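Participant: I am attaching a structure below and will ask some questions about it afterwards.
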Number of protein chains: 2
Amino acid sequence: MEITPYFDKNKKDPVYSQLYSYIKREIESGRLSSGSRLPSIRQLSKYLKVSKNTIEAAYQQLIAEGYAESRPKSGIFVLPIDEVLKPKQPLTLESMNSKEQPKETFKYDFQYGDIDIPSFPMKNWRKYLNETLDALDYDGFNYGDKQGDAELRKQIALYLYRSRGVECRQEQIVITSGTQQSINLLIHLLCLRKEMIGFEDPGYDGVRSVFSYENCKIIPIPLQEDGIDIETLPIGTKAVYVTPSHQFPMGMILSIQKRKKLLNWAYQSGGYVIEDDYDGEFRYQGMPIPPLKALDEGEKVIYLGTFSKCFLPSARLSFIVLPPELAVKYKKGNQLYHQNVPSVIQKAASRFMASGEFERHIRKMRKIYHGKHRALLSSIEIYMGNKVEIIGEKAGLHILLKVKKRNDVELIEAAGLKGVKVYSASAYLLNNDVITEDATIMLGFGGLSVEDIESGVRLLHEAWFI
Amino acid sequence: MEITPYFDKNKKDPVYSQLYSYIKREIESGRLSSGSRLPSIRQLSKYLKVSKNTIEAAYQQLIAEGYAESRPKSGIFVLPIDEVLKPKQPLTLESMNSKEQPKETFKYDFQYGDIDIPSFPMKNWRKYLNETLDALDYDGFNYGDKQGDAELRKQIALYLYRSRGVECRQEQIVITSGTQQSINLLIHLLCLRKEMIGFEDPGYDGVRSVFSYENCKIIPIPLQEDGIDIETLPIGTKAVYVTPSHQFPMGMILSIQKRKKLLNWAYQSGGYVIEDDYDGEFRYQGMPIPPLKALDEGEKVIYLGTFSKCFLPSARLSFIVLPPELAVKYKKGNQLYHQNVPSVIQKAASRFMASGEFERHIRKMRKIYHGKHRALLSSIEIYMGNKVEIIGEKAGLHILLKVKKRNDVELIEAAGLKGVKVYSASAYLLNNDVITEDATIMLGFGGLSVEDIESGVRLLHEAWFI
């Protein structure tokens with residue numbers, strides 16, 4: 001008998017599995033050769049002093065995986081297996097480690113996109129998450145509606161009407177897990193591949209990179225003091241991506257004249273305007289600027305919103321408002337992906353909005369960010385005075401600093417030596433290898449306290465001007 | 001004085017905002033014409049008997065939005081605005097409503113993809129979600145690592161080693177919000193557009209549609225009794241998508257011979273094997289089938305896993321195990337998208353896994369689904385006997401029923417009249433307009449109770465054979 005395994009009773013592995021592994025190794029190594037007959041269940045059971053069921057289970061597993069086959073009336077036979085030709089040098093992860101940079105830590109990080117963590121309404125958010133779990137229905141467990149939770153879409157429609165002057169119905173809203181996903185969905189829905197897309201220059205690189213990867217032709221549109229210069233749009237442009245309420249990153253507001261020109265372009269050419277209202281809630285002087293969508297009687301503006309700035313980046317919750325025509329098209333067979341925001345997040349956000357907490361939270365955050373914005377501006381004024389120029393409206397969660405006759409790399413390095421992390425605004429230019437005469441530095445302030453902002457700016461002054 | 005608004009003190013809207021709206025309407029309507037000078041702040045304040053600050057705020061908002069401009073030493077002037085040319089017939093949502101079908105409800109729905117809701121470990125999942133919220137750190141609030149939470153990746157690596165025999169490091173794992181997103185990421189990382197992709201036929205349409213949309217050339221690979229026939233792969237194929245542990249939807253196991261052939265193909269041609277191990281945890285006879293990845297010494301298998309079957313579809317949590325070479329490539333500038341699984345879901349899943357609950361849950365579910373599978377098979381045997389043929393291994397959350405000389409549409413309709421929803425398996429064929437001689441019906445059983453399965457099958461028998 002060729003089969004003489006050693007069974008280890010202390011192993012967690014059951015005996016049938018140990019027997020299976022033993023025979024598998026014997027076949028793999030060629031010691032049990034192709035075509036040879038395995039001992040009958042009865043024989044092997046007697047020989048190994050284990051039950052017939054055990055032998056049978058091991059044989060069944062070998063048959064299921066294709067190591068052996070059962071031939072009626074003659075027994076169980078070993079099947080041939082190709083040897084695997086290993087490639088000569090399988091790469092290891094070592095090459096990965098050597099490339100990884102040690103993470104630098106900075107005392108003050110002016111990273112754009114961070115929010116004010118201490119003011120996050122954790123108690124309420126937790127309450128709504130738990131209430132959602134208590135009430136989870138069939139949809140909440142399984143894949144759910146591809147378009148997103150209907151109740152959340154309703155709450156978003158109500159919010160947009162009350163706070164942003166946008167009229168739409170929940171049927172027009174699609175929930176996504178981020179603005180990049182919203183863009184990906186629109187490229188699919190509008191068949192934008194290989195088409196010309198007008199894009200603010202400088203503009204939001206996270207969106208631009210998705211358009212580029214999807215083979216759209218990016219047509220950079222230069223910015224003037226009151227927003228994009230749409231006169232330069234080539235004929236045949238299919239869509240224009242804009243941030244009218246607070247241009248990213250330059251911070252200007254698209255003027256009413258340019259808004260109307262843009263709408264007229266869309267109505268006459270049949271193109272779409274993709275309006276990214278990423279931080280329209282945060283304006284610190286006067287009223288929030290109404291979105292372009294509020295003027296769009298001809299239904300050619302696609303409105304993009306996100307919870308990343310006004311609520312929580314890590315909730316990964318964004319949405320699209322489609323014009324009715326596109327909403328119909330989406331519903332009729334253009335739903336490529338499953339909904340990919342977890343139901344518990346969608347349903348908790350919906351409860352949070354329905355309770356009125358969401359709008360209270362935004363009002364509270366507007367005050368807090370206003371305080372930080374004021375602190376940033378006054379620190380810059382105190383420490384750097386007329387050595388720098390501040391670019392940007394009194395809005396949002398970042399400003400730009402223009403520093404004459406200096407360059408970004410030098411300033412970022414000098415700041416780093418003082419423990420302050422700042423960022424170049426040049427990443428937002430389509431051609432960011434152009435050497436500019438002056439440096440433009442981006443300062444995000446959402447995640448820093450007023451004290452940190454003041455200390456950070458003081459250190460920047462030391463780093464750059466002393 | 002042209003400006004004589006009526007201020008409504010009962011309105012929530014502050015007076016400055018009412019004034020701004022009034023002047024804006026006057027400009028929009030042309031009653032205040034382009035080029036006209038607005039009254040000075042002092043004049044208007046006296047005339048309307050409101051404070052100068054109020055007038056100033058209204059004027060500032062008008063200037064910010066571009067309705068007026070301030071000219072030094074001469075005053076504030078109305079700017080010209082284009083009229084908006086409305087397109088003739090803006091579409092309304094009415095067309096949408098008429099298209100929406102009333103939702104049918106069925107007493108027994110054999111939908112594939114549903115899980116057993118009553119056994120979901122809600123108490124523990126809630127506990128880990130709440131613990132996560134208590135301990136949320138900087139990463140948990142902000143955008144977080146594009147590759148996914150490092151601790152979750154570590155837990156997945158440990159789980160794969162213990163339960164599926166796959167050895168990998170957390171650096172090789174990328175978290176995604178679903179298998180479709182995993183495929184999207186791989187198409188980007190491997191530059192698969194316009195390339196040939198070998199694909200099981202029939203196969204998983206959710207993945208196939210992503211490949212097709214991304215302009216990959218789908219090469220259908222016919223199935224034999226022991227899995228795909230790789231002999232037919234054309235030269236130049238860049239990747240092969242397979243479900244070796246439990247073919248979707250046919251249910252066979254890829255034999256060890258074909259596994260080795262597939263690995264040899266990858267090692268010799270340099271192509272990649274994309275292994276989707278979507279339900280490898282659920283096998284009801286013998287041991288789970290080890291994934292192809294466990295044999296892949298040459299690092300050419302990309303392993304896809306998901307929490308949708310073994311845990312919760314609505315958690316939207318999946319992952320990729322990249323070979324080291326690709327993990328390095330991903331890290332070095334191929335991270336197009338932000339991570340889009342919410343941090344709280346990632347971190348709670350990580351705690352759930354670290355506690356050992358996850359593996360206990362899987363063991364428990366294996367027993368429960370085994371019971372349902374047994375009930376389904378025995379009900380079919382009792383009611384339909386030899387009128388149907390069951391296709392599929394003793395594994396997973398679905399089976400196929402072959403009904404000779406009948407067609408899918410007819411059987412689905414007849415079942416529907418009895419209140420039972422069943423599905424055609426023909427959607428999984430690349431060319432699903434081919435008329436086959438026999439019907440193939442898919443029965444998913446994850447979401448139904450044992451009693452419902454029995455009653456459902458009894459009704460199917462009545463619908464089809466009486």
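Every chain in the structure tokens has a letter given in the order shown (A, B, ...), and although residue numbers restart at 1 in each chain, ligands are simply numbered from 1 in the order shown.
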List every residue of region 46-294 of chain B that DSSP, applied to the backbone, labels as alpha helix (DSSP H), and write the result as number ranges by chain.

Facilitator: B: 46-48, 52-65, 94-99, 122-134, 138-141, 150-164, 179-189, 205-213, 256-269

Participant: Run DSSP on the backbone of this structure and report the residues of region 409-452 of chain A it assigns to strand (DSSP E), as a PyMOL selection string.

Facilitator: chain A and resi 420-421+423-424+439-444

Participant: Mind writing the picked residues with C-alpha atoms as a PDB file, in the first residue's frame?

Facilitator:
ATOM      1  CA  VAL A 420       4.930  73.888   8.438  1.00  0.00           C
ATOM      2  CA  LYS A 421       3.459  72.082   5.467  1.00  0.00           C
ATOM      3  CA  TYR A 423       1.197  73.288  -0.941  1.00  0.00           C
ATOM      4  CA  SER A 424       1.850  74.607  -4.418  1.00  0.00           C
ATOM      5  CA  ALA A 439       5.036  81.737  -6.284  1.00  0.00           C
ATOM      6  CA  THR A 440       1.436  80.788  -5.553  1.00  0.00           C
ATOM      7  CA  ILE A 441       0.950  78.855  -2.332  1.00  0.00           C
ATOM      8  CA  MET A 442      -2.304  77.253  -1.245  1.00  0.00           C
ATOM      9  CA  LEU A 443      -3.310  77.410   2.397  1.00  0.00           C
ATOM     10  CA  GLY A 444      -6.179  75.182   3.486  1.00  0.00           C
TER      11      GLY A 444
END

Participant: For Asp134 (chain B), work out the shell of residues within 10 Å, counting only C-alpha atoms and skipping chain neighbours fewer than 4 positions away, then give it as a ChimeraX atom specification.

Facilitator: /A:122-123,126 /B:128-130

Participant: Rounded to one decimal place, report the CA of Ile235 (chain B)-CA of Gln257 (chain B) distance in Å.

Facilitator: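 A separation of 20.5 Å between them.
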
Participant: Go through B:Phe465, B:Tyr369, B:Phe211, B:Tyr303 and flag the residue nearest chain A, using only C-alpha atoms for the distances.

Facilitator: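 The answer is B:Phe211, which sits nearest to chain A.
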
Participant: Please provide the set of residues having any atom within 6 Å of region 395-397 of chain A, restricted to only C-alpha atoms, with same-chain residues fewer than 6 positions apart removed, written as a ChimeraX atom specification.

Facilitator: /A:279,282-284,444-446

Participant: I want to know what sits within 12 Å of Leu133 (chain A), based on only C-alpha atoms, with residues of the same chain fewer than 4 positions away left out; could you give that as a short mmCIF file (atom, residue, chain, number, x, y, z; two decimals) with N, CA and C atoms, in the first residue's frame?

Facilitator:
data_model
loop_
_atom_site.label_atom_id
_atom_site.label_comp_id
_atom_site.auth_asym_id
_atom_site.auth_seq_id
_atom_site.Cartn_x
_atom_site.Cartn_y
_atom_site.Cartn_z
N ARG A 126 -23.70 59.55 15.48
CA ARG A 126 -23.76 58.22 16.06
C ARG A 126 -25.22 57.83 16.33
N LYS A 127 -25.99 58.80 16.84
CA LYS A 127 -27.40 58.52 17.12
C LYS A 127 -28.12 58.08 15.84
N TYR A 128 -27.89 58.82 14.76
CA TYR A 128 -28.60 58.48 13.52
C TYR A 128 -28.09 57.18 12.90
N LEU A 129 -26.80 56.92 13.04
CA LEU A 129 -26.28 55.62 12.56
C LEU A 129 -26.96 54.48 13.32
N ASP A 137 -34.12 47.86 6.81
CA ASP A 137 -35.08 47.00 6.11
C ASP A 137 -34.34 46.19 5.03
N TYR A 138 -35.12 45.49 4.22
CA TYR A 138 -34.56 44.64 3.17
C TYR A 138 -33.50 45.36 2.35
N GLY A 140 -31.79 47.90 3.07
CA GLY A 140 -30.64 48.28 3.88
C GLY A 140 -29.64 47.16 4.05
N PHE A 141 -30.07 45.92 3.86
CA PHE A 141 -29.15 44.79 3.97
C PHE A 141 -28.57 44.42 2.62
N PRO A 342 -22.52 52.71 1.17
CA PRO A 342 -23.20 51.77 2.07
C PRO A 342 -24.56 52.31 2.51
N SER A 343 -25.54 51.44 2.59
CA SER A 343 -26.89 51.88 2.93
C SER A 343 -26.94 52.57 4.29
N VAL A 344 -26.15 52.10 5.24
CA VAL A 344 -26.24 52.67 6.58
C VAL A 344 -25.80 54.14 6.56
N ILE A 345 -24.83 54.47 5.73
CA ILE A 345 -24.37 55.86 5.60
C ILE A 345 -25.47 56.69 4.93
N GLN A 346 -26.05 56.17 3.86
CA GLN A 346 -27.10 56.90 3.15
C GLN A 346 -28.29 57.17 4.05
N LYS A 347 -28.71 56.13 4.78
CA LYS A 347 -29.91 56.26 5.58
C LYS A 347 -29.67 57.13 6.82
N ALA A 348 -28.47 57.05 7.39
CA ALA A 348 -28.17 57.90 8.55
C ALA A 348 -28.09 59.37 8.10
N ARG A 351 -31.60 60.68 7.78
CA ARG A 351 -32.19 61.03 9.08
C ARG A 351 -31.60 62.33 9.62
N PHE B 120 -27.87 37.98 10.51
CA PHE B 120 -26.82 39.00 10.46
C PHE B 120 -26.46 39.44 11.89
N PRO B 121 -25.18 39.48 12.23
CA PRO B 121 -24.77 39.76 13.62
C PRO B 121 -24.88 41.25 13.94
N MET B 122 -26.12 41.74 13.93
CA MET B 122 -26.36 43.17 14.06
C MET B 122 -25.79 43.73 15.35
N LYS B 123 -25.94 42.97 16.45
CA LYS B 123 -25.49 43.49 17.75
C LYS B 123 -23.98 43.76 17.71
N ASN B 124 -23.24 42.81 17.18
CA ASN B 124 -21.79 42.99 17.14
C ASN B 124 -21.37 44.04 16.12
N TRP B 125 -22.02 44.04 14.98
CA TRP B 125 -21.66 45.02 13.95
C TRP B 125 -21.89 46.42 14.51
N ARG B 126 -23.01 46.60 15.19
CA ARG B 126 -23.30 47.89 15.81
C ARG B 126 -22.22 48.24 16.85
N LYS B 127 -21.85 47.21 17.64
CA LYS B 127 -20.82 47.44 18.66
C LYS B 127 -19.53 47.96 18.01
N LEU B 129 -19.13 49.34 15.04
CA LEU B 129 -19.34 50.68 14.45
C LEU B 129 -19.21 51.75 15.53
N ASN B 130 -19.83 51.49 16.68
CA ASN B 130 -19.79 52.48 17.76
C ASN B 130 -18.39 52.62 18.35
N SER B 314 -24.70 45.44 1.46
CA SER B 314 -24.84 46.88 1.56
C SER B 314 -23.68 47.54 2.30
#

Participant: Just checking: using only C-alpha atoms, which residue out of A:Lys418, A:Lys387, A:Lys309, A:Lys258 ends up closest to Phe106 (chain A)?

Facilitator: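 Looking only at the distances to Phe106 (chain A), the closest residue turns out to be A:Lys418.
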
Participant: List the spatial neighbours of region 248-254 of chain A as an mmCIF file with N, CA and C atoms, in the first residue's frame - criterion: any atom at most 6 Å away, only C-alpha atoms, same-chain residues fewer than 6 positions off excluded.

Facilitator:
data_model
loop_
_atom_site.group_PDB
_atom_site.id
_atom_site.type_symbol
_atom_site.label_atom_id
_atom_site.label_comp_id
_atom_site.auth_asym_id
_atom_site.auth_seq_id
_atom_site.Cartn_x
_atom_site.Cartn_y
_atom_site.Cartn_z
ATOM 1 N N GLY A 203 -7.736 74.610 -12.408
ATOM 2 C CA GLY A 203 -8.983 73.969 -11.993
ATOM 3 C C GLY A 203 -8.701 72.762 -11.116
ATOM 4 N N ASP A 226 -13.562 87.710 -13.242
ATOM 5 C CA ASP A 226 -14.908 87.265 -12.889
ATOM 6 C C ASP A 226 -15.215 85.890 -13.473
ATOM 7 N N GLY A 227 -14.183 85.047 -13.552
ATOM 8 C CA GLY A 227 -14.418 83.658 -13.934
ATOM 9 C C GLY A 227 -13.980 83.329 -15.350
ATOM 10 N N GLY A 392 -8.496 85.285 -3.533
ATOM 11 C CA GLY A 392 -9.681 84.498 -3.156
ATOM 12 C C GLY A 392 -10.735 85.349 -2.488
ATOM 13 N N GLU A 393 -11.989 84.970 -2.724
ATOM 14 C CA GLU A 393 -13.134 85.626 -2.115
ATOM 15 C C GLU A 393 -13.180 85.316 -0.620
#

Participant: In Å, rounded to a single decimal, give me how far CA of Phe307 (chain A) is from CA of Asn142 (chain B).

Facilitator: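 Computing the Euclidean distance for CA of Asn142 (chain B) and CA of Phe307 (chain A) yields 11.7 Å.
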
Participant: Measuring between only C-alpha atoms, which one of A:Gly198, A:Pro5, A:Gly333, A:Pro323 shows the shortest distance to chain B?

Facilitator: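 With only C-alpha atoms as the atom set, the closest residue is A:Pro323.
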
Participant: One decimal, in Å: what's the spacing between CA of Ser45 (chain A) and CA of Tyr16 (chain A)?

Facilitator: 11.3 Å
